Amino acid sequence: MTDTLRDEVRRHCARAALDVLQPGGCRGDSPAAAAPGEPVFGAALYDPADLAPLPADAVAASLGCGNPTAMADLRPGETVLDLGSGGGIDVLLAAERVGPTGTAYGLDMTAEMLALARRNAAAAGAANARFLEGQIEAIPLPDASVDVVISNCVINLSTAKARVFAEVARVLRPGGRLSVSDVVADDDLSPAERGERGDHVGCIAGALSFGEYAAGLAAAGLERVELLPTQRAVDGMYSVVVRARRPAAPGERDPRNAARAAAAEARRARAAARALPRDGVVALGDGPAPGACCG
Ligand SMILES: C[S@@+](CC[C@H](N)C(=O)[O-])C[C@H]1O[C@@H](n2cnc3c(N)ncnc32)[C@H](O)[C@@H]1O
C-alpha cells in the first residue's frame, strides 16, 4: 500500500472513530437505520435482534457493506480474525457465536478505532474479544492459527491485495474458511471507471472486479471460491459476500483447476449481480448516506 493512500484511509477512519468516541460526535447518538426506501449501509445491514445486546457505540460505528458473521457459519470454540475491525461490531458478534471457548480477534491499523473497539468490548463484557494493532498486509498472528477470517468492507481499501490474500492463506488452518463482505466491480469496468464512481476512502475506487477477486484468492492457494452479490452499490458495482477455503490437506488442490473454477465462479457472480433488483442500494462514500465506509 502506498504510504499516502494508507495515511489518507487512516485519517478518515480516525475521524469516523472520534465522531463516536467524543460526546457530541455526529454519529455517536444515532445508530444507522434505514427507513423503507432509503439506502442501506452499516448497522442497517444486520438483524436488529443480533444488534440488540451490543453497546450503542459499537452499532453507531458500523461502517461495513455487509454482515460477514451471518454467512461464516461460526461454531463454538473457533478462532476468528476480523480484518479491519473498526469499532468492533463484527468481532463482538463473532465473540458471541464462538463462545467462551473460542476467540475473536480484530485487527486494525487506526489507533482511534482500536480504542473505540476495546471500549465497546469492555462495555459488552466480551472477554474472548481481542484487538490487535497492525496491517492486514502483515497479519501479526502465527501460521495456521485461525479457523475463520472475516472482514467487512476493508479489503477494497488495500493497495496490496495479493499480499492480503497470501496472509489470509497463511494464517488459516488447513480447512479454514474466509467469509468477507466487500465491494466488487463488474469485470468490464476499468480501474479508472471505478474511480469515477467514488473515491478510495469511500470503498469504491479500490474495489476489485469479480474476475480479479476470484483469481486473486485462487492464486493465494484458496479453493471453493464463491462470490455472492447481495446489493447494488453504485452503477456497475456491488456489495458481495466472498467465501473461500484453505485446502484441508496439502496436494489436495490442482492450481489449474482452481484457476478455471475461480473464473467460472466470477462469470456466474457477474450474471447474478446484474440480475439484482435496483432498489435496496448500499450507499457508500460520497453517496446520499455520508459516513458509510470511512469516506
Ligand atoms: C470501512 S471501515 C470498516 C470497519 C468495520 N469492518 C465495520 O464494518 O464497521 C475500515 C476499517 O479498516 C481499517 N483498515 C483499512 N485499511 C487497513 C489496513 N491496510 N490494515 C489494517 N486496517 C485497515 C480502518 O482503520 C477502519 O477501521
# chains A, B, ... in the order shown; residues from 1 in each chain; ligands from 1
call {"tool": "residues_around", "arguments": {"residues": "Asp147 in chain A", "least_positions_apart": "2", "cutoff": "10 Å", "atoms": "only C-alpha atoms", "output": "list in words"}}
result
Leu74, Arg75, Gly77, Glu78, Thr79, Val80, Leu81, Ala144, Ser145, Val149, Val171, Leu172, Arg173, Pro174, Gly175, Gly176, Arg177, Leu178, Arg245 and Arg246 of chain A
call {"tool": "write_last_selection", "arguments": {"atoms": "N, CA and C atoms", "output": "mmCIF file, in the first residue's frame"}}
result
data_model
loop_
_atom_site.group_PDB
_atom_site.id
_atom_site.type_symbol
_atom_site.label_atom_id
_atom_site.label_comp_id
_atom_site.auth_asym_id
_atom_site.auth_seq_id
_atom_site.Cartn_x
_atom_site.Cartn_y
_atom_site.Cartn_z
ATOM 1 N N LEU A 74 -20.138 -19.735 12.046
ATOM 2 C CA LEU A 74 -19.192 -19.834 13.170
ATOM 3 C C LEU A 74 -19.681 -20.849 14.196
ATOM 4 N N ARG A 75 -18.719 -21.582 14.771
ATOM 5 C CA ARG A 75 -19.071 -22.623 15.749
ATOM 6 C C ARG A 75 -18.363 -22.376 17.071
ATOM 7 N N GLY A 77 -15.975 -22.441 20.093
ATOM 8 C CA GLY A 77 -14.586 -22.880 20.223
ATOM 9 C C GLY A 77 -13.678 -22.424 19.095
ATOM 10 N N GLU A 78 -14.242 -21.842 18.021
ATOM 11 C CA GLU A 78 -13.395 -21.452 16.895
ATOM 12 C C GLU A 78 -12.639 -20.136 17.170
ATOM 13 N N THR A 79 -11.536 -19.975 16.430
ATOM 14 C CA THR A 79 -10.769 -18.731 16.457
ATOM 15 C C THR A 79 -11.085 -17.960 15.181
ATOM 16 N N VAL A 80 -11.538 -16.713 15.365
ATOM 17 C CA VAL A 80 -11.971 -15.883 14.240
ATOM 18 C C VAL A 80 -11.080 -14.639 14.185
ATOM 19 N N LEU A 81 -10.772 -14.182 12.984
ATOM 20 C CA LEU A 81 -9.998 -12.949 12.802
ATOM 21 C C LEU A 81 -10.764 -12.024 11.877
ATOM 22 N N ALA A 144 -1.292 -20.789 10.364
ATOM 23 C CA ALA A 144 -2.286 -21.830 10.674
ATOM 24 C C ALA A 144 -2.861 -21.701 12.090
ATOM 25 N N SER A 145 -3.217 -20.461 12.471
ATOM 26 C CA SER A 145 -3.700 -20.247 13.837
ATOM 27 C C SER A 145 -5.173 -19.814 13.883
ATOM 28 N N VAL A 149 -11.497 -16.365 8.791
ATOM 29 C CA VAL A 149 -11.180 -14.944 8.582
ATOM 30 C C VAL A 149 -12.440 -14.264 8.065
ATOM 31 N N VAL A 171 -2.471 -17.570 7.589
ATOM 32 C CA VAL A 171 -2.954 -17.684 8.985
ATOM 33 C C VAL A 171 -4.086 -18.699 9.132
ATOM 34 N N LEU A 172 -4.773 -19.038 8.022
ATOM 35 C CA LEU A 172 -5.858 -20.021 8.141
ATOM 36 C C LEU A 172 -5.299 -21.416 8.406
ATOM 37 N N ARG A 173 -5.970 -22.152 9.279
ATOM 38 C CA ARG A 173 -5.634 -23.563 9.458
ATOM 39 C C ARG A 173 -6.056 -24.331 8.202
ATOM 40 N N PRO A 174 -5.453 -25.487 7.910
ATOM 41 C CA PRO A 174 -5.959 -26.308 6.803
ATOM 42 C C PRO A 174 -7.455 -26.561 6.998
ATOM 43 N N GLY A 175 -8.230 -26.327 5.958
ATOM 44 C CA GLY A 175 -9.685 -26.460 6.070
ATOM 45 C C GLY A 175 -10.368 -25.206 6.597
ATOM 46 N N GLY A 176 -9.573 -24.186 6.969
ATOM 47 C CA GLY A 176 -10.142 -22.939 7.496
ATOM 48 C C GLY A 176 -10.859 -22.144 6.414
ATOM 49 N N ARG A 177 -11.777 -21.238 6.853
ATOM 50 C CA ARG A 177 -12.658 -20.538 5.901
ATOM 51 C C ARG A 177 -12.435 -19.027 5.883
ATOM 52 N N LEU A 178 -12.717 -18.449 4.727
ATOM 53 C CA LEU A 178 -12.765 -16.990 4.555
ATOM 54 C C LEU A 178 -14.211 -16.612 4.290
ATOM 55 N N ARG A 245 -11.925 -21.308 0.957
ATOM 56 C CA ARG A 245 -11.449 -22.241 1.974
ATOM 57 C C ARG A 245 -9.979 -22.550 1.710
ATOM 58 N N ARG A 246 -9.212 -22.715 2.779
ATOM 59 C CA ARG A 246 -7.858 -23.249 2.598
ATOM 60 C C ARG A 246 -7.985 -24.763 2.473
#
call {"tool": "closest_residue", "arguments": {"among": "A:Val9, A:Val180, A:Asp82, A:Pro255", "to": "Ala70 in chain A", "atoms": "only C-alpha atoms"}}
result
A:Val180
call {"tool": "closest_residue", "arguments": {"among": "A:Leu5, A:Leu208, A:Cys294, A:Ala233", "to": "ligand 1", "atoms": "only C-alpha atoms and all ligand atoms"}}
result
A:Cys294
call {"tool": "residues_around", "arguments": {"residues": "Gly216 in chain A", "least_positions_apart": "2", "cutoff": "12 Å", "atoms": "only C-alpha atoms", "output": "PyMOL selection string"}}
result
chain A and resi 155+160-166+168-169+208-214+218-223+225+242+244+258-259+262-263+266
call {"tool": "write_last_selection", "arguments": {"atoms": "C-alpha atoms", "output": "tab-separated table (two decimals), in the first residue's frame"}}
result
chain	number	residue	atom	x	y	z
A	155	ILE	CA	-10.02	-5.41	1.53
A	160	ALA	CA	-1.61	-4.70	-1.84
A	161	LYS	CA	-4.50	-7.14	-2.13
A	162	ALA	CA	-2.33	-10.07	-3.30
A	163	ARG	CA	-0.40	-9.64	-0.05
A	164	VAL	CA	-3.66	-9.66	1.95
A	165	PHE	CA	-4.83	-12.88	0.23
A	166	ALA	CA	-1.43	-14.52	0.86
A	168	VAL	CA	-5.18	-14.95	4.80
A	169	ALA	CA	-3.95	-18.26	3.32
A	208	LEU	CA	-11.53	-5.47	-7.43
A	209	SER	CA	-13.65	-6.89	-10.24
A	210	PHE	CA	-15.32	-10.31	-9.90
A	211	GLY	CA	-12.61	-11.90	-12.06
A	212	GLU	CA	-9.76	-10.21	-10.17
A	213	TYR	CA	-11.18	-11.21	-6.77
A	214	ALA	CA	-11.68	-14.87	-7.67
A	218	ALA	CA	-7.15	-18.89	-6.19
A	219	ALA	CA	-3.58	-17.64	-6.78
A	220	ALA	CA	-3.10	-17.42	-3.00
A	221	GLY	CA	-3.94	-21.13	-2.72
A	222	LEU	CA	-7.56	-20.86	-1.59
A	223	GLU	CA	-10.29	-23.03	-3.13
A	225	VAL	CA	-14.26	-19.52	-4.11
A	242	VAL	CA	-16.91	-13.61	-0.72
A	244	ALA	CA	-13.31	-19.49	0.13
A	258	ALA	CA	-8.65	-23.91	-9.11
A	259	ALA	CA	-8.00	-21.06	-11.56
A	262	ALA	CA	-12.50	-19.31	-9.97
A	263	ALA	CA	-13.01	-17.86	-13.47
A	266	ALA	CA	-16.62	-14.93	-11.42
call {"tool": "select_by_dssp", "arguments": {"residues": "range 158-233 of chain A", "states": "alpha helix (DSSP H)", "output": "VMD selection string"}}
result
chain A and resid 161 to 171 191 to 197 210 to 219
call {"tool": "closest_residue", "arguments": {"among": "A:Ala264, A:Met109, A:Ala138, A:Ala249", "to": "Asp7 in chain A", "atoms": "only C-alpha atoms"}}
result
A:Met109
call {"tool": "select_by_dssp", "arguments": {"residues": "range 9-230 of chain A", "states": "strand (DSSP E or B)", "output": "JSON, numbers by chain"}}
result
{"A": [40, 79, 80, 81, 82, 83, 103, 104, 105, 106, 107, 108, 129, 130, 131, 132, 133, 135, 138, 146, 147, 148, 149, 150, 151, 152, 172, 173, 174, 175, 176, 177, 178, 179, 180, 181, 182, 183, 184, 185, 208, 209, 223, 224, 225, 226, 227, 228, 229, 230]}
call {"tool": "residues_around", "arguments": {"residues": "range 61-69 of chain A", "least_positions_apart": "2", "cutoff": "7 Å", "atoms": "only C-alpha atoms", "output": "mmCIF file with N, CA and C atoms, in the first residue's frame"}}
result
data_model
loop_
_atom_site.group_PDB
_atom_site.id
_atom_site.type_symbol
_atom_site.label_atom_id
_atom_site.label_comp_id
_atom_site.auth_asym_id
_atom_site.auth_seq_id
_atom_site.Cartn_x
_atom_site.Cartn_y
_atom_site.Cartn_z
ATOM 1 N N ALA A 17 -13.956 7.319 13.907
ATOM 2 C CA ALA A 17 -13.933 6.761 15.273
ATOM 3 C C ALA A 17 -14.138 7.867 16.298
ATOM 4 N N VAL A 20 -17.585 8.996 17.140
ATOM 5 C CA VAL A 20 -18.345 8.175 18.087
ATOM 6 C C VAL A 20 -17.768 8.302 19.494
ATOM 7 N N PHE A 41 -26.893 0.762 4.629
ATOM 8 C CA PHE A 41 -25.448 0.625 4.856
ATOM 9 C C PHE A 41 -25.226 0.400 6.336
ATOM 10 N N GLY A 42 -23.987 0.080 6.692
ATOM 11 C CA GLY A 42 -23.597 -0.033 8.098
ATOM 12 C C GLY A 42 -24.537 -0.912 8.900
ATOM 13 N N ALA A 43 -24.945 -0.427 10.073
ATOM 14 C CA ALA A 43 -25.712 -1.250 11.007
ATOM 15 C C ALA A 43 -27.058 -1.692 10.447
ATOM 16 N N LEU A 45 -27.627 -3.193 7.892
ATOM 17 C CA LEU A 45 -27.491 -4.466 7.174
ATOM 18 C C LEU A 45 -27.617 -5.670 8.102
ATOM 19 N N TYR A 46 -27.766 -5.446 9.413
ATOM 20 C CA TYR A 46 -27.797 -6.532 10.384
ATOM 21 C C TYR A 46 -29.220 -6.784 10.860
ATOM 22 N N ASP A 57 -22.491 2.305 20.934
ATOM 23 C CA ASP A 57 -21.366 2.869 20.174
ATOM 24 C C ASP A 57 -20.795 1.882 19.164
ATOM 25 N N ALA A 58 -20.884 0.588 19.468
ATOM 26 C CA ALA A 58 -20.407 -0.411 18.503
ATOM 27 C C ALA A 58 -21.305 -0.399 17.273
ATOM 28 N N VAL A 59 -22.593 -0.228 17.495
ATOM 29 C CA VAL A 59 -23.554 -0.187 16.385
ATOM 30 C C VAL A 59 -23.388 1.125 15.609
ATOM 31 N N MET A 71 -22.786 -15.162 7.404
ATOM 32 C CA MET A 71 -22.507 -16.138 6.351
ATOM 33 C C MET A 71 -21.331 -17.045 6.703
ATOM 34 N N ALA A 72 -20.760 -16.880 7.910
ATOM 35 C CA ALA A 72 -19.498 -17.576 8.217
ATOM 36 C C ALA A 72 -19.707 -18.902 8.929
ATOM 37 N N GLY A 87 -14.857 -0.265 14.730
ATOM 38 C CA GLY A 87 -15.394 -0.131 16.086
ATOM 39 C C GLY A 87 -15.747 -1.460 16.727
ATOM 40 N N ILE A 89 -17.886 -4.114 15.692
ATOM 41 C CA ILE A 89 -19.221 -4.735 15.639
ATOM 42 C C ILE A 89 -19.150 -6.217 15.256
ATOM 43 N N ASP A 90 -18.360 -6.558 14.225
ATOM 44 C CA ASP A 90 -18.327 -7.960 13.779
ATOM 45 C C ASP A 90 -17.510 -8.836 14.728
ATOM 46 N N ALA A 94 -18.995 -12.103 16.442
ATOM 47 C CA ALA A 94 -18.257 -13.367 16.331
ATOM 48 C C ALA A 94 -17.945 -13.928 17.717
ATOM 49 N N ILE A 150 -12.835 -13.185 8.743
ATOM 50 C CA ILE A 150 -13.955 -12.376 8.269
ATOM 51 C C ILE A 150 -13.439 -10.959 7.982
ATOM 52 N N SER A 151 -14.241 -10.149 7.312
ATOM 53 C CA SER A 151 -13.883 -8.754 7.066
ATOM 54 C C SER A 151 -15.098 -8.054 6.480
ATOM 55 N N ASN A 152 -15.210 -6.771 6.738
ATOM 56 C CA ASN A 152 -16.389 -6.047 6.281
ATOM 57 C C ASN A 152 -15.985 -4.732 5.627
ATOM 58 N N CYS A 153 -15.892 -4.748 4.307
ATOM 59 C CA CYS A 153 -15.646 -3.535 3.529
ATOM 60 C C CYS A 153 -14.263 -2.945 3.797
ATOM 61 N N SER A 179 -14.712 -15.579 4.957
ATOM 62 C CA SER A 179 -16.072 -15.094 4.691
ATOM 63 C C SER A 179 -16.076 -13.583 4.880
ATOM 64 N N VAL A 180 -16.035 -12.850 3.774
ATOM 65 C CA VAL A 180 -15.943 -11.399 3.887
ATOM 66 C C VAL A 180 -17.036 -10.716 3.071
ATOM 67 N N SER A 181 -17.397 -9.529 3.514
ATOM 68 C CA SER A 181 -18.242 -8.639 2.709
ATOM 69 C C SER A 181 -17.324 -7.591 2.092
ATOM 70 N N ASP A 182 -17.573 -7.270 0.848
ATOM 71 C CA ASP A 182 -16.708 -6.276 0.196
ATOM 72 C C ASP A 182 -17.461 -5.679 -0.997
ATOM 73 N N SER A 239 -22.252 -4.828 -3.491
ATOM 74 C CA SER A 239 -21.853 -5.402 -2.218
ATOM 75 C C SER A 239 -21.922 -6.921 -2.385
ATOM 76 N N VAL A 282 -26.902 -0.166 -1.534
ATOM 77 C CA VAL A 282 -25.965 0.151 -0.460
ATOM 78 C C VAL A 282 -25.309 1.484 -0.799
ATOM 79 N N ALA A 292 -20.853 6.312 5.636
ATOM 80 C CA ALA A 292 -20.677 4.903 5.317
ATOM 81 C C ALA A 292 -19.241 4.707 4.832
ATOM 82 N N CYS A 293 -18.677 3.535 5.069
ATOM 83 C CA CYS A 293 -17.260 3.284 4.863
ATOM 84 C C CYS A 293 -16.503 4.373 5.649
ATOM 85 N N CYS A 294 -15.289 4.730 5.260
ATOM 86 C CA CYS A 294 -14.618 5.807 6.002
ATOM 87 C C CYS A 294 -14.609 7.104 5.191
#
call {"tool": "closest_residue", "arguments": {"among": "A:Gln135, A:Gln231, A:Gln22, A:Asn128", "to": "Glu96 in chain A", "atoms": "only C-alpha atoms"}}
result
A:Asn128
call {"tool": "residues_around", "arguments": {"residues": "Pro191 in chain A", "least_positions_apart": "6", "cutoff": "9 Å", "atoms": "only C-alpha atoms", "output": "VMD selection string"}}
result
chain A and resid 205 to 208
call {"tool": "write_last_selection", "arguments": {"atoms": "N, CA and C atoms", "output": "JSON list (two decimals), in the first residue's frame"}}
result
[["chain", "number", "residue", "atom", "x", "y", "z"],
["A", 205, "ALA", "N", -13.18, 3.22, -5.30],
["A", 205, "ALA", "CA", -12.11, 3.24, -6.32],
["A", 205, "ALA", "C", -11.17, 2.05, -6.22],
["A", 206, "GLY", "N", -10.98, 1.50, -5.02],
["A", 206, "GLY", "CA", -10.03, 0.40, -4.85],
["A", 206, "GLY", "C", -10.63, -0.98, -5.03],
["A", 207, "ALA", "N", -11.91, -1.05, -5.41],
["A", 207, "ALA", "CA", -12.57, -2.36, -5.49],
["A", 207, "ALA", "C", -12.02, -3.21, -6.62],
["A", 208, "LEU", "N", -11.89, -4.51, -6.38],
["A", 208, "LEU", "CA", -11.53, -5.47, -7.43],
["A", 208, "LEU", "C", -12.76, -5.81, -8.24]]
call {"tool": "atom_distance", "arguments": {"atom1": "CA of Val240 in chain A", "atom2": "CA of Arg10 in chain A"}}
result
23.6 Å
call {"tool": "closest_residue", "arguments": {"among": "A:Ala111, A:Ala271, A:Leu21, A:Ala127", "to": "ligand 1", "atoms": "only C-alpha atoms and all ligand atoms"}}
result
A:Ala111
call {"tool": "closest_residue", "arguments": {"among": "A:Val183, A:Ala126, A:Ala16, A:Ala115", "to": "Arg97 in chain A", "atoms": "only C-alpha atoms"}}
result
A:Ala126
call {"tool": "atom_distance", "arguments": {"atom1": "CA of His12 in chain A", "atom2": "CA of Gly195 in chain A"}}
result
17.7 Å
